[in-house]
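J.: To be precise about what I am sending: the file is called structure-v4.pdb and holds PDB, C-alpha atoms.
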ATOM      1  CA  MET A1424     101.441  68.113 107.286
ATOM      2  CA  ASN A1425      98.326  67.650 105.161
ATOM      3  CA  LYS A1426      97.216  71.289 105.105
ATOM      4  CA  SER A1427      97.587  73.363 101.932
ATOM      5  CA  GLY A1428      98.666  76.943 101.389
ATOM      6  CA  ILE A1429     101.875  78.970 101.383
ATOM      7  CA  ILE A1430     104.667  79.798 103.790
ATOM      8  CA  ILE A1431     106.804  82.914 103.287
ATOM      9  CA  LEU A1432     110.415  82.102 104.131
ATOM     10  CA  ASN A1433     113.328  84.489 104.514
ATOM     11  CA  LYS A1434     116.044  82.648 102.604
ATOM     12  CA  PRO A1435     119.524  82.786 104.140
ATOM     13  CA  LYS A1436     122.640  83.460 102.088
ATOM     14  CA  GLY A1437     124.532  80.519 100.598
ATOM     15  CA  LEU A1438     121.547  78.222 100.119
ATOM     16  CA  THR A1439     119.820  77.343  96.849
ATOM     17  CA  THR A1440     116.067  77.894  96.753
ATOM     18  CA  ASN A1441     115.526  74.184  96.125
ATOM     19  CA  HIS A1442     117.674  73.256  99.132
ATOM     20  CA  LEU A1443     115.641  75.657 101.260
ATOM     21  CA  ILE A1444     112.241  74.196 100.343
ATOM     22  CA  GLN A1445     113.521  70.632 100.734
ATOM     23  CA  LYS A1446     114.623  71.519 104.276
ATOM     24  CA  LEU A1447     111.119  72.864 104.905
ATOM     25  CA  LYS A1448     109.577  69.733 103.430
ATOM     26  CA  ARG A1449     111.494  67.529 105.834
ATOM     27  CA  LYS A1450     110.965  69.797 108.826
ATOM     28  CA  LEU A1451     107.166  69.977 108.508
ATOM     29  CA  ASN A1452     106.721  66.554 106.878
ATOM     30  CA  VAL A1453     105.078  68.078 103.794
ATOM     31  CA  LYS A1454     103.901  65.722 101.045
ATOM     32  CA  LYS A1455     104.260  68.134  98.126
ATOM     33  CA  ILE A1456     106.229  71.376  97.968
ATOM     34  CA  GLY A1457     107.269  74.009  95.452
ATOM     35  CA  HIS A1458     108.127  77.693  95.244
ATOM     36  CA  ALA A1459     107.050  80.778  93.303
ATOM     37  CA  GLY A1460     110.326  82.311  92.194
ATOM     38  CA  THR A1461     113.913  81.242  92.730
ATOM     39  CA  LEU A1462     116.705  83.242  94.333
ATOM     40  CA  ASP A1463     120.422  82.858  93.624
ATOM     41  CA  PRO A1464     122.477  81.221  96.424
ATOM     42  CA  LEU A1465     124.044  84.632  97.137
ATOM     43  CA  ALA A1466     120.643  86.246  97.600
ATOM     44  CA  THR A1467     118.503  86.447 100.716
ATOM     45  CA  GLY A1468     114.883  87.308 101.349
ATOM     46  CA  VAL A1469     111.348  86.446 100.352
ATOM     47  CA  VAL A1470     110.632  82.993  98.945
ATOM     48  CA  ILE A1471     106.985  81.951  98.562
ATOM     49  CA  CYS A1472     106.891  78.255  99.467
ATOM     50  CA  LEU A1473     103.909  76.354  98.069
ATOM     51  CA  ILE A1474     102.551  73.612 100.306
ATOM     52  CA  ASN A1475     100.563  70.606  98.998
ATOM     53  CA  ASN A1476      97.629  71.947  96.895
ATOM     54  CA  GLY A1477      99.248  75.368  97.176
ATOM     55  CA  THR A1478     101.624  74.201  94.415
ATOM     56  CA  LYS A1479      98.686  74.639  92.018
ATOM     57  CA  LEU A1480      98.820  78.400  92.639
ATOM     58  CA  SER A1481     102.392  78.819  91.393
ATOM     59  CA  ASP A1482     101.563  80.799  88.233
ATOM     60  CA  TYR A1483      99.423  83.297  90.146
ATOM     61  CA  PHE A1484     102.323  84.276  92.401
ATOM     62  CA  LEU A1485     105.170  83.969  89.869
ATOM     63  CA  ASN A1486     103.842  86.722  87.612
ATOM     64  CA  GLU A1487     103.870  89.462  90.231
ATOM     65  CA  ASN A1488     106.269  92.399  90.612
ATOM     66  CA  LYS A1489     109.313  92.080  92.870
ATOM     67  CA  ALA A1490     111.404  94.404  95.038
ATOM     68  CA  TYR A1491     115.070  94.102  96.036
ATOM     69  CA  GLU A1492     117.820  95.760  98.003
ATOM     70  CA  VAL A1493     121.078  95.354  96.103
ATOM     71  CA  THR A1494     124.719  96.393  96.429
ATOM     72  CA  MET A1495     127.059  96.464  93.437
ATOM     73  CA  LYS A1496     130.858  96.623  93.473
ATOM     74  CA  LEU A1497     132.395  98.771  90.750
ATOM     75  CA  PHE A1498     135.525  98.106  88.653
ATOM     76  CA  GLN A1499     135.329  94.319  88.901
ATOM     77  CA  ALA A1500     133.376  91.871  86.688
ATOM     78  CA  THR A1501     132.642  88.182  87.303
ATOM     79  CA  ASP A1502     131.343  85.463  85.004
ATOM     80  CA  THR A1503     128.133  85.092  87.037
ATOM     81  CA  TYR A1504     127.636  88.856  87.528
ATOM     82  CA  ASP A1505     127.857  88.324  91.313
ATOM     83  CA  SER A1506     130.526  87.622  93.928
ATOM     84  CA  ASP A1507     129.897  83.864  93.789
ATOM     85  CA  GLY A1508     131.537  83.814  90.361
ATOM     86  CA  SER A1509     135.120  84.049  89.137
ATOM     87  CA  ILE A1510     136.659  87.438  88.409
ATOM     88  CA  ILE A1511     137.036  87.839  84.651
ATOM     89  CA  GLU A1512     137.974  91.526  84.432
ATOM     90  CA  GLU A1513     139.299  94.264  86.697
ATOM     91  CA  GLN A1514     139.820  97.964  86.156
ATOM     92  CA  GLU A1515     141.931 100.521  87.923
ATOM     93  CA  PRO A1516     139.388 102.456  90.025
ATOM     94  CA  PHE A1517     138.679 105.992  88.872
ATOM     95  CA  LYS A1518     136.601 108.840  90.258
ATOM     96  CA  ILE A1519     132.864 108.644  89.608
ATOM     97  CA  GLU A1520     130.998 111.582  91.078
ATOM     98  CA  GLN A1521     127.825 110.968  93.077
ATOM     99  CA  GLU A1522     126.001 113.309  90.724
ATOM    100  CA  GLN A1523     126.860 110.978  87.826
ATOM    101  CA  VAL A1524     125.619 107.957  89.772
ATOM    102  CA  GLU A1525     122.362 109.749  90.589
ATOM    103  CA  LYS A1526     121.938 110.712  86.926
ATOM    104  CA  VAL A1527     122.301 107.100  85.745
ATOM    105  CA  ILE A1528     119.936 105.807  88.419
ATOM    106  CA  ALA A1529     117.398 108.430  87.366
ATOM    107  CA  LYS A1530     117.689 107.143  83.780
ATOM    108  CA  PHE A1531     116.744 103.591  84.847
ATOM    109  CA  ASN A1532     114.020 104.752  87.240
ATOM    110  CA  GLY A1533     110.726 103.857  85.506
ATOM    111  CA  LEU A1534     112.545 102.498  82.445
ATOM    112  CA  ALA A1535     111.166  99.650  80.341
ATOM    113  CA  TYR A1536     113.859  98.044  78.197
ATOM    114  CA  GLU A1537     115.020  94.856  76.510
ATOM    115  CA  GLN A1538     117.252  93.152  79.072
ATOM    116  CA  GLU A1539     119.704  90.368  78.299
ATOM    117  CA  PRO A1540     119.605  87.628  80.957
ATOM    118  CA  PRO A1541     122.920  86.483  82.447
ATOM    119  CA  MET A1542     124.438  83.280  81.056
ATOM    120  CA  TYR A1543     124.486  81.879  84.567
ATOM    121  CA  SER A1544     120.700  81.600  84.923
ATOM    122  CA  ALA A1545     118.095  78.842  84.894
ATOM    123  CA  ILE A1546     116.464  79.906  81.616
ATOM    124  CA  LYS A1547     116.091  76.909  79.344
ATOM    125  CA  ILE A1548     117.099  76.821  75.674
ATOM    126  CA  ASP A1549     116.438  73.558  73.828
ATOM    127  CA  GLY A1550     115.714  71.837  77.129
ATOM    128  CA  LYS A1551     119.022  72.841  78.677
ATOM    129  CA  LYS A1552     119.598  75.531  81.307
ATOM    130  CA  LEU A1553     121.789  78.489  80.412
ATOM    131  CA  TYR A1554     124.180  77.895  83.300
ATOM    132  CA  GLU A1555     124.781  74.375  81.966
ATOM    133  CA  TYR A1556     125.884  75.860  78.621
ATOM    134  CA  ALA A1557     128.027  78.401  80.497
ATOM    135  CA  ARG A1558     129.797  75.716  82.529
ATOM    136  CA  GLU A1559     130.639  73.904  79.292
ATOM    137  CA  ASN A1560     131.861  77.162  77.706
ATOM    138  CA  GLN A1561     129.231  76.830  74.995
ATOM    139  CA  VAL A1562     127.984  79.982  73.308
ATOM    140  CA  VAL A1563     124.223  80.185  72.755
ATOM    141  CA  LYS A1564     121.987  82.987  71.576
ATOM    142  CA  VAL A1565     119.923  84.403  74.422
ATOM    143  CA  ASN A1566     116.863  86.438  73.526
ATOM    144  CA  LYS A1567     116.435  89.711  75.360
ATOM    145  CA  ARG A1568     113.314  90.145  77.436
ATOM    146  CA  LEU A1569     111.197  93.244  77.941
ATOM    147  CA  ILE A1570     111.264  94.185  81.608
ATOM    148  CA  LYS A1571     110.424  97.333  83.547
ATOM    149  CA  ILE A1572     112.215  98.991  86.428
ATOM    150  CA  ASN A1573     109.187 100.457  88.186
ATOM    151  CA  SER A1574     111.308 102.319  90.702
ATOM    152  CA  LEU A1575     115.033 102.652  91.371
ATOM    153  CA  SER A1576     116.491 104.690  94.218
ATOM    154  CA  LEU A1577     119.992 105.262  95.562
ATOM    155  CA  ASP A1578     120.537 104.219  99.182
ATOM    156  CA  LYS A1579     124.301 104.667  99.521
ATOM    157  CA  TYR A1580     127.404 105.291  97.430
ATOM    158  CA  GLU A1581     130.806 104.881  99.055
ATOM    159  CA  ASN A1582     134.027 102.860  98.751
ATOM    160  CA  ASN A1583     133.294 102.059  95.093
ATOM    161  CA  GLU A1584     130.011 100.355  96.049
ATOM    162  CA  ILE A1585     126.488 101.456  95.144
ATOM    163  CA  SER A1586     123.488 100.311  97.170
ATOM    164  CA  MET A1587     120.001 100.687  95.722
ATOM    165  CA  THR A1588     116.370  99.658  96.186
ATOM    166  CA  VAL A1589     114.726  98.249  93.059
ATOM    167  CA  TYR A1590     111.036  97.683  92.328
ATOM    168  CA  CYS A1591     110.676  95.786  89.069
ATOM    169  CA  SER A1592     108.517  93.618  86.843
ATOM    170  CA  LYS A1593     108.611  89.837  86.772
ATOM    171  CA  GLY A1594     111.495  88.376  84.798
ATOM    172  CA  THR A1595     113.937  91.144  85.745
ATOM    173  CA  TYR A1596     117.478  89.969  86.462
ATOM    174  CA  ILE A1597     119.031  92.287  89.031
ATOM    175  CA  ARG A1598     122.500  90.981  88.129
ATOM    176  CA  SER A1599     121.943  92.108  84.532
ATOM    177  CA  LEU A1600     120.560  95.452  85.721
ATOM    178  CA  ILE A1601     123.746  96.068  87.703
ATOM    179  CA  VAL A1602     125.911  95.293  84.659
ATOM    180  CA  ASP A1603     123.755  97.652  82.565
ATOM    181  CA  ILE A1604     124.077 100.433  85.147
ATOM    182  CA  ALA A1605     127.858  99.943  85.218
ATOM    183  CA  LYS A1606     127.993 100.308  81.426
ATOM    184  CA  GLU A1607     126.241 103.666  81.733
ATOM    185  CA  LEU A1608     128.966 104.652  84.210
ATOM    186  CA  ASN A1609     131.600 103.513  81.677
ATOM    187  CA  THR A1610     132.832 100.736  83.911
ATOM    188  CA  ILE A1611     132.137  97.170  85.086
ATOM    189  CA  ALA A1612     130.532  95.766  88.238
ATOM    190  CA  HIS A1613     129.031  92.769  89.977
ATOM    191  CA  VAL A1614     126.492  92.125  92.734
ATOM    192  CA  THR A1615     127.865  91.645  96.256
ATOM    193  CA  SER A1616     124.561  91.424  98.135
ATOM    194  CA  LEU A1617     120.939  90.971  97.108
ATOM    195  CA  ASN A1618     117.877  90.859  99.338
ATOM    196  CA  ARG A1619     114.356  90.321  97.978
ATOM    197  CA  ILE A1620     112.067  92.395 100.169
ATOM    198  CA  GLU A1621     108.836  91.898  98.233
ATOM    199  CA  SER A1622     107.266  89.320  95.930
ATOM    200  CA  GLY A1623     103.873  90.569  94.842
ATOM    201  CA  ASN A1624     101.989  91.555  97.995
ATOM    202  CA  PHE A1625     104.156  89.368 100.223
ATOM    203  CA  THR A1626     106.927  91.217 102.036
ATOM    204  CA  ILE A1627     109.913  90.447 104.202
ATOM    205  CA  LYS A1628     107.695  91.345 107.184
ATOM    206  CA  ASN A1629     105.475  88.352 106.303
ATOM    207  CA  SER A1630     108.478  86.010 106.292
ATOM    208  CA  VAL A1631     109.955  83.622 108.819
ATOM    209  CA  ASN A1632     113.390  81.994 109.076
ATOM    210  CA  ILE A1633     113.544  78.276 108.313
ATOM    211  CA  GLU A1634     114.789  77.572 111.875
ATOM    212  CA  ASN A1635     111.712  79.209 113.414
ATOM    213  CA  CYS A1636     109.166  77.976 110.870
ATOM    214  CA  GLU A1637     106.217  76.012 112.204
ATOM    215  CA  GLU A1638     102.908  74.724 110.863
ATOM    216  CA  SER A1639     101.267  77.822 112.353
ATOM    217  CA  ASN A1640     103.123  79.944 109.755
ATOM    218  CA  LEU A1641     101.039  78.405 106.963
ATOM    219  CA  ILE A1642      98.796  80.879 105.137
ATOM    220  CA  LYS A1643      95.725  79.051 103.842
ATOM    221  CA  MET A1644      95.108  79.085 100.092
ATOM    222  CA  PHE A1645      92.001  81.272 100.403
ATOM    223  CA  ASP A1646      93.850  83.837 102.528
ATOM    224  CA  ALA A1647      96.944  83.746 100.307
ATOM    225  CA  ILE A1648      94.931  84.468  97.166
ATOM    226  CA  LYS A1649      93.092  87.251  98.978
ATOM    227  CA  MET A1650      96.394  88.739 100.178
ATOM    228  CA  ALA A1651      97.652  88.594  96.590
ATOM    229  CA  ASP A1652      94.703  90.834  95.673
ATOM    230  CA  TYR A1653      92.870  88.350  93.453
ATOM    231  CA  GLU A1654      89.078  88.430  93.385
ATOM    232  CA  ILE A1655      87.314  85.563  95.134
ATOM    233  CA  VAL A1656      83.662  84.674  94.531
ATOM    234  CA  GLU A1657      82.006  82.488  97.155
ATOM    235  CA  LEU A1658      79.208  80.230  95.910
ATOM    236  CA  ASP A1659      76.629  78.193  97.820
ATOM    237  CA  ASP A1660      76.529  75.586  95.063
ATOM    238  CA  THR A1661      79.904  74.687  93.522
ATOM    239  CA  LEU A1662      78.819  71.537  91.643
ATOM    240  CA  ASN A1663      79.191  73.112  88.172
ATOM    241  CA  VAL A1664      82.571  74.519  89.182
ATOM    242  CA  GLU A1665      83.735  71.124  90.400
ATOM    243  CA  HIS A1666      82.770  69.703  87.004
ATOM    244  CA  GLY A1667      84.624  72.482  85.160
ATOM    245  CA  LYS A1668      81.501  73.897  83.535
ATOM    246  CA  LYS A1669      81.036  77.501  82.445
ATOM    247  CA  ILE A1670      79.306  79.677  84.998
ATOM    248  CA  GLU A1671      77.726  83.115  85.184
ATOM    249  CA  VAL A1672      79.403  85.389  87.713
ATOM    250  CA  ILE A1673      79.195  89.085  88.538
ATOM    251  CA  ALA A1674      82.832  90.086  88.968
ATOM    252  CA  GLU A1675      85.023  93.133  88.454
ATOM    253  CA  LYS A1676      88.150  91.340  87.283
ATOM    254  CA  ASN A1677      88.690  88.996  84.338
ATOM    255  CA  ILE A1678      90.340  86.361  86.540
ATOM    256  CA  VAL A1679      88.431  85.148  89.595
ATOM    257  CA  PHE A1680      88.807  82.342  92.106
ATOM    258  CA  ILE A1681      85.745  80.369  93.137
ATOM    259  CA  SER A1682      85.346  79.121  96.687
ATOM    260  CA  ASN A1683      82.634  77.439  98.696
ATOM    261  CA  LYS A1684      81.118  78.915 101.848
ATOM    262  CA  SER A1685      83.772  77.137 103.903
ATOM    263  CA  LYS A1686      86.361  79.391 102.219
ATOM    264  CA  GLU A1687      87.889  76.455 100.364
ATOM    265  CA  LEU A1688      89.218  77.368  96.920
ATOM    266  CA  ILE A1689      87.723  75.181  94.192
ATOM    267  CA  ALA A1690      88.932  76.625  90.891
ATOM    268  CA  CYS A1691      90.193  79.626  88.968
ATOM    269  CA  TYR A1692      87.959  81.039  86.221
ATOM    270  CA  GLU A1693      88.508  83.593  83.468
ATOM    271  CA  ARG A1694      86.016  85.829  81.717
ATOM    272  CA  GLU A1695      84.897  84.502  78.327
ATOM    273  CA  ASN A1696      82.226  87.031  77.432
ATOM    274  CA  GLY A1697      80.223  89.421  79.566
ATOM    275  CA  ASN A1698      79.427  87.661  82.824
ATOM    276  CA  ILE A1699      80.176  84.192  81.450
ATOM    277  CA  PHE A1700      83.351  82.662  82.873
ATOM    278  CA  LYS A1701      85.170  79.485  81.815
ATOM    279  CA  CYS A1702      87.408  77.272  83.912
ATOM    280  CA  LYS A1703      91.110  78.213  83.792
ATOM    281  CA  ARG A1704      92.364  75.885  86.521
ATOM    282  CA  GLY A1705      90.206  73.379  88.372
ATOM    283  CA  GLY A1706      90.738  70.928  91.185
ATOM    284  CA  LEU A1707      92.433  73.370  93.553
ATOM    285  CA  ASN A1708      90.924  71.476  96.474
ATOM    286  CA  ILE A1709      91.756  67.962  95.239
TER     287      ILE A1709
END
What would you get if you wrote out this structure as structure tokens?

T.:
Amino acid sequence: MNKSGIIILNKPKGLTTNHLIQKLKRKLNVKKIGHAGTLDPLATGVVICLINNGTKLSDYFLNENKAYEVTMKLFQATDTYDSDGSIIEEQEPFKIEQEQVEKVIAKFNGLAYEQEPPMYSAIKIDGKKLYEYARENQVVKVNKRLIKINSLSLDKYENNEISMTVYCSKGTYIRSLIVDIAKELNTIAHVTSLNRIESGNFTIKNSVNIENCEESNLIKMFDAIKMADYEIVELDDTLNVEHGKKIEVIAEKNIVFISNKSKELIACYERENGNIFKCKRGGLNI
């Protein structure tokens, strides 16, 4: 497939994100493929797959908010913070009232805080991923990251399991959030199920299973950027844009995409001063 754009896949449980996109690459005979945000093997849901020139749009999808449905199991901790890991601590279950659970969830609802990423994550320190250090039992200092829980709501609480819906900023680790919530309940916990229902403006309703995916599921780059709510300016003459020169544009936002009249994305520009924009990323159509 020579076309460029994105495909929204609904990742199944037990598959790495990389394995998923490689399966798609082989299935549709794609030359170049990538994704805009990984999911743990345990997790299911929305993965934005970038096809051919669509890989050049990665940063513009990665930085968007996310939404998840998650279930946490109380009184049991694992080294990975989810049920794929090994149990490292267990507690005798004790009574936690629903009112207490609701109170803690209300505390995190809308909360911005410094979150510590899990050791089993793909964050790199000195060129090495954290999970590689963890597997070698090496201790490294992990910097906390400012994240925001835009919305957190309780869906169900029974049998020592809490199910919630989370809307959060980029960079949020749901596994760490669950551990933090457990601490507020004076206990331990780990994730048993995780489903990403939104990534930016792309939802689970936009997604397709890998088995049913066809070339017709491709969303063209122009349409994908429009769906992501970026501003697009169509120009009759794109010669200066193709050469990466500064241009004068009347636009509302500080970041705009430039396309030709055939709705082919050419470049991404950012405001320099007033109506003068400079090239941020060129060659989107090459």

J.: Considering only C-alpha atoms, can you say which of A:Leu1662, A:Leu1462, A:Ile1430, A:Ile1604 comes closest to A:His1442?

T.: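 Selected residue with least distance to A:His1442: A:Leu1462.
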
J.: Can you tell me how far atom CA of A:Lys1669 sits from atom CA of A:Glu1695, in Å to one decimal?

T.: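 We find that atom CA of A:Lys1669 and atom CA of A:Glu1695 lie 9.0 Å from each other.
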
J.: I need the residue set behind the PyMOL selection byres ((chain A and resi 1659) around 9) for this file; please write it as a VMD selection string.

T.: chain A and resid 1657 to 1658 1660 to 1661 1682 to 1684

J.: Identify, on the basis of all atoms listed in the file, every residue whose closest approach to A:Ile1620 does not exceed 12 Å; exclude the query and any residue fewer than 3 positions from it along the same chain; express the result as an mmCIF file with C-alpha atoms, in the coordinates of the input.

T.:
data_model
loop_
_atom_site.group_PDB
_atom_site.id
_atom_site.type_symbol
_atom_site.label_atom_id
_atom_site.label_comp_id
_atom_site.auth_asym_id
_atom_site.auth_seq_id
_atom_site.Cartn_x
_atom_site.Cartn_y
_atom_site.Cartn_z
ATOM 1 C CA ILE A 1431 106.804 82.914 103.287
ATOM 2 C CA LEU A 1432 110.415 82.102 104.131
ATOM 3 C CA ASN A 1433 113.328 84.489 104.514
ATOM 4 C CA LYS A 1434 116.044 82.648 102.604
ATOM 5 C CA LEU A 1462 116.705 83.242 94.333
ATOM 6 C CA ALA A 1466 120.643 86.246 97.600
ATOM 7 C CA THR A 1467 118.503 86.447 100.716
ATOM 8 C CA GLY A 1468 114.883 87.308 101.349
ATOM 9 C CA VAL A 1469 111.348 86.446 100.352
ATOM 10 C CA VAL A 1470 110.632 82.993 98.945
ATOM 11 C CA ILE A 1471 106.985 81.951 98.562
ATOM 12 C CA ASN A 1488 106.269 92.399 90.612
ATOM 13 C CA LYS A 1489 109.313 92.080 92.870
ATOM 14 C CA ALA A 1490 111.404 94.404 95.038
ATOM 15 C CA TYR A 1491 115.070 94.102 96.036
ATOM 16 C CA GLU A 1492 117.820 95.760 98.003
ATOM 17 C CA VAL A 1493 121.078 95.354 96.103
ATOM 18 C CA THR A 1588 116.370 99.658 96.186
ATOM 19 C CA VAL A 1589 114.726 98.249 93.059
ATOM 20 C CA TYR A 1590 111.036 97.683 92.328
ATOM 21 C CA CYS A 1591 110.676 95.786 89.069
ATOM 22 C CA LEU A 1617 120.939 90.971 97.108
ATOM 23 C CA GLY A 1623 103.873 90.569 94.842
ATOM 24 C CA ASN A 1624 101.989 91.555 97.995
ATOM 25 C CA PHE A 1625 104.156 89.368 100.223
ATOM 26 C CA THR A 1626 106.927 91.217 102.036
ATOM 27 C CA ILE A 1627 109.913 90.447 104.202
ATOM 28 C CA LYS A 1628 107.695 91.345 107.184
ATOM 29 C CA ASN A 1629 105.475 88.352 106.303
ATOM 30 C CA SER A 1630 108.478 86.010 106.292
#

J.: Could you work out how far atom CA of A:His1666 lies from atom CA of A:His1458, giving the answer in Å with one decimal?

T.: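 Taking atom CA of A:His1458 as the start and atom CA of A:His1666 as the end point, the length is 27.8 Å.
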
J.: On this file, the PyMOL selection byres ((chain A and resi 1498-1508) around 6) gives some set of residues; write that set as an MDAnalysis selection string.

T.: chainID A and resid 1497 1509:1514 1516 1543 1598 1611:1615

J.: Considering all atoms listed in the file, return as a list in words whatever protein or nucleic-acid residues lie within 8 Å of A:Leu1438, sequence-local ones (same chain, fewer than 5 positions apart) excluded.

T.: Leu1443, Pro1464 and Leu1465 of chain A

J.: How far is it from atom CA of A:Pro1540 to atom CA of A:Gly1437, in Å with one decimal?

T.: 21.5 Å

J.: On this structure, the PyMOL selection byres ((chain A and resi 1521) around 12) would catch which residues? List them as a list in words, sorted by chain and number.

T.: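 What the PyMOL selection byres ((chain A and resi 1521) around 12) grabs from the file is Lys1518, Ile1519, Glu1520, Glu1522, Gln1523, Val1524, Glu1525, Lys1526, Val1527, Ile1528, Leu1577, Asp1578, Lys1579, Tyr1580, Glu1581, Asn1582, Asn1583, Glu1584, Ile1585 and Leu1608 of chain A.
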
J.: Hey, what's within 9 Å of A:Tyr1692 if we count all atoms listed in the file and toss same-chain stuff fewer than 6 positions away? As a ChimeraX atom specification, please?

T.: /A:1664,1669-1670,1677-1681,1700-1705
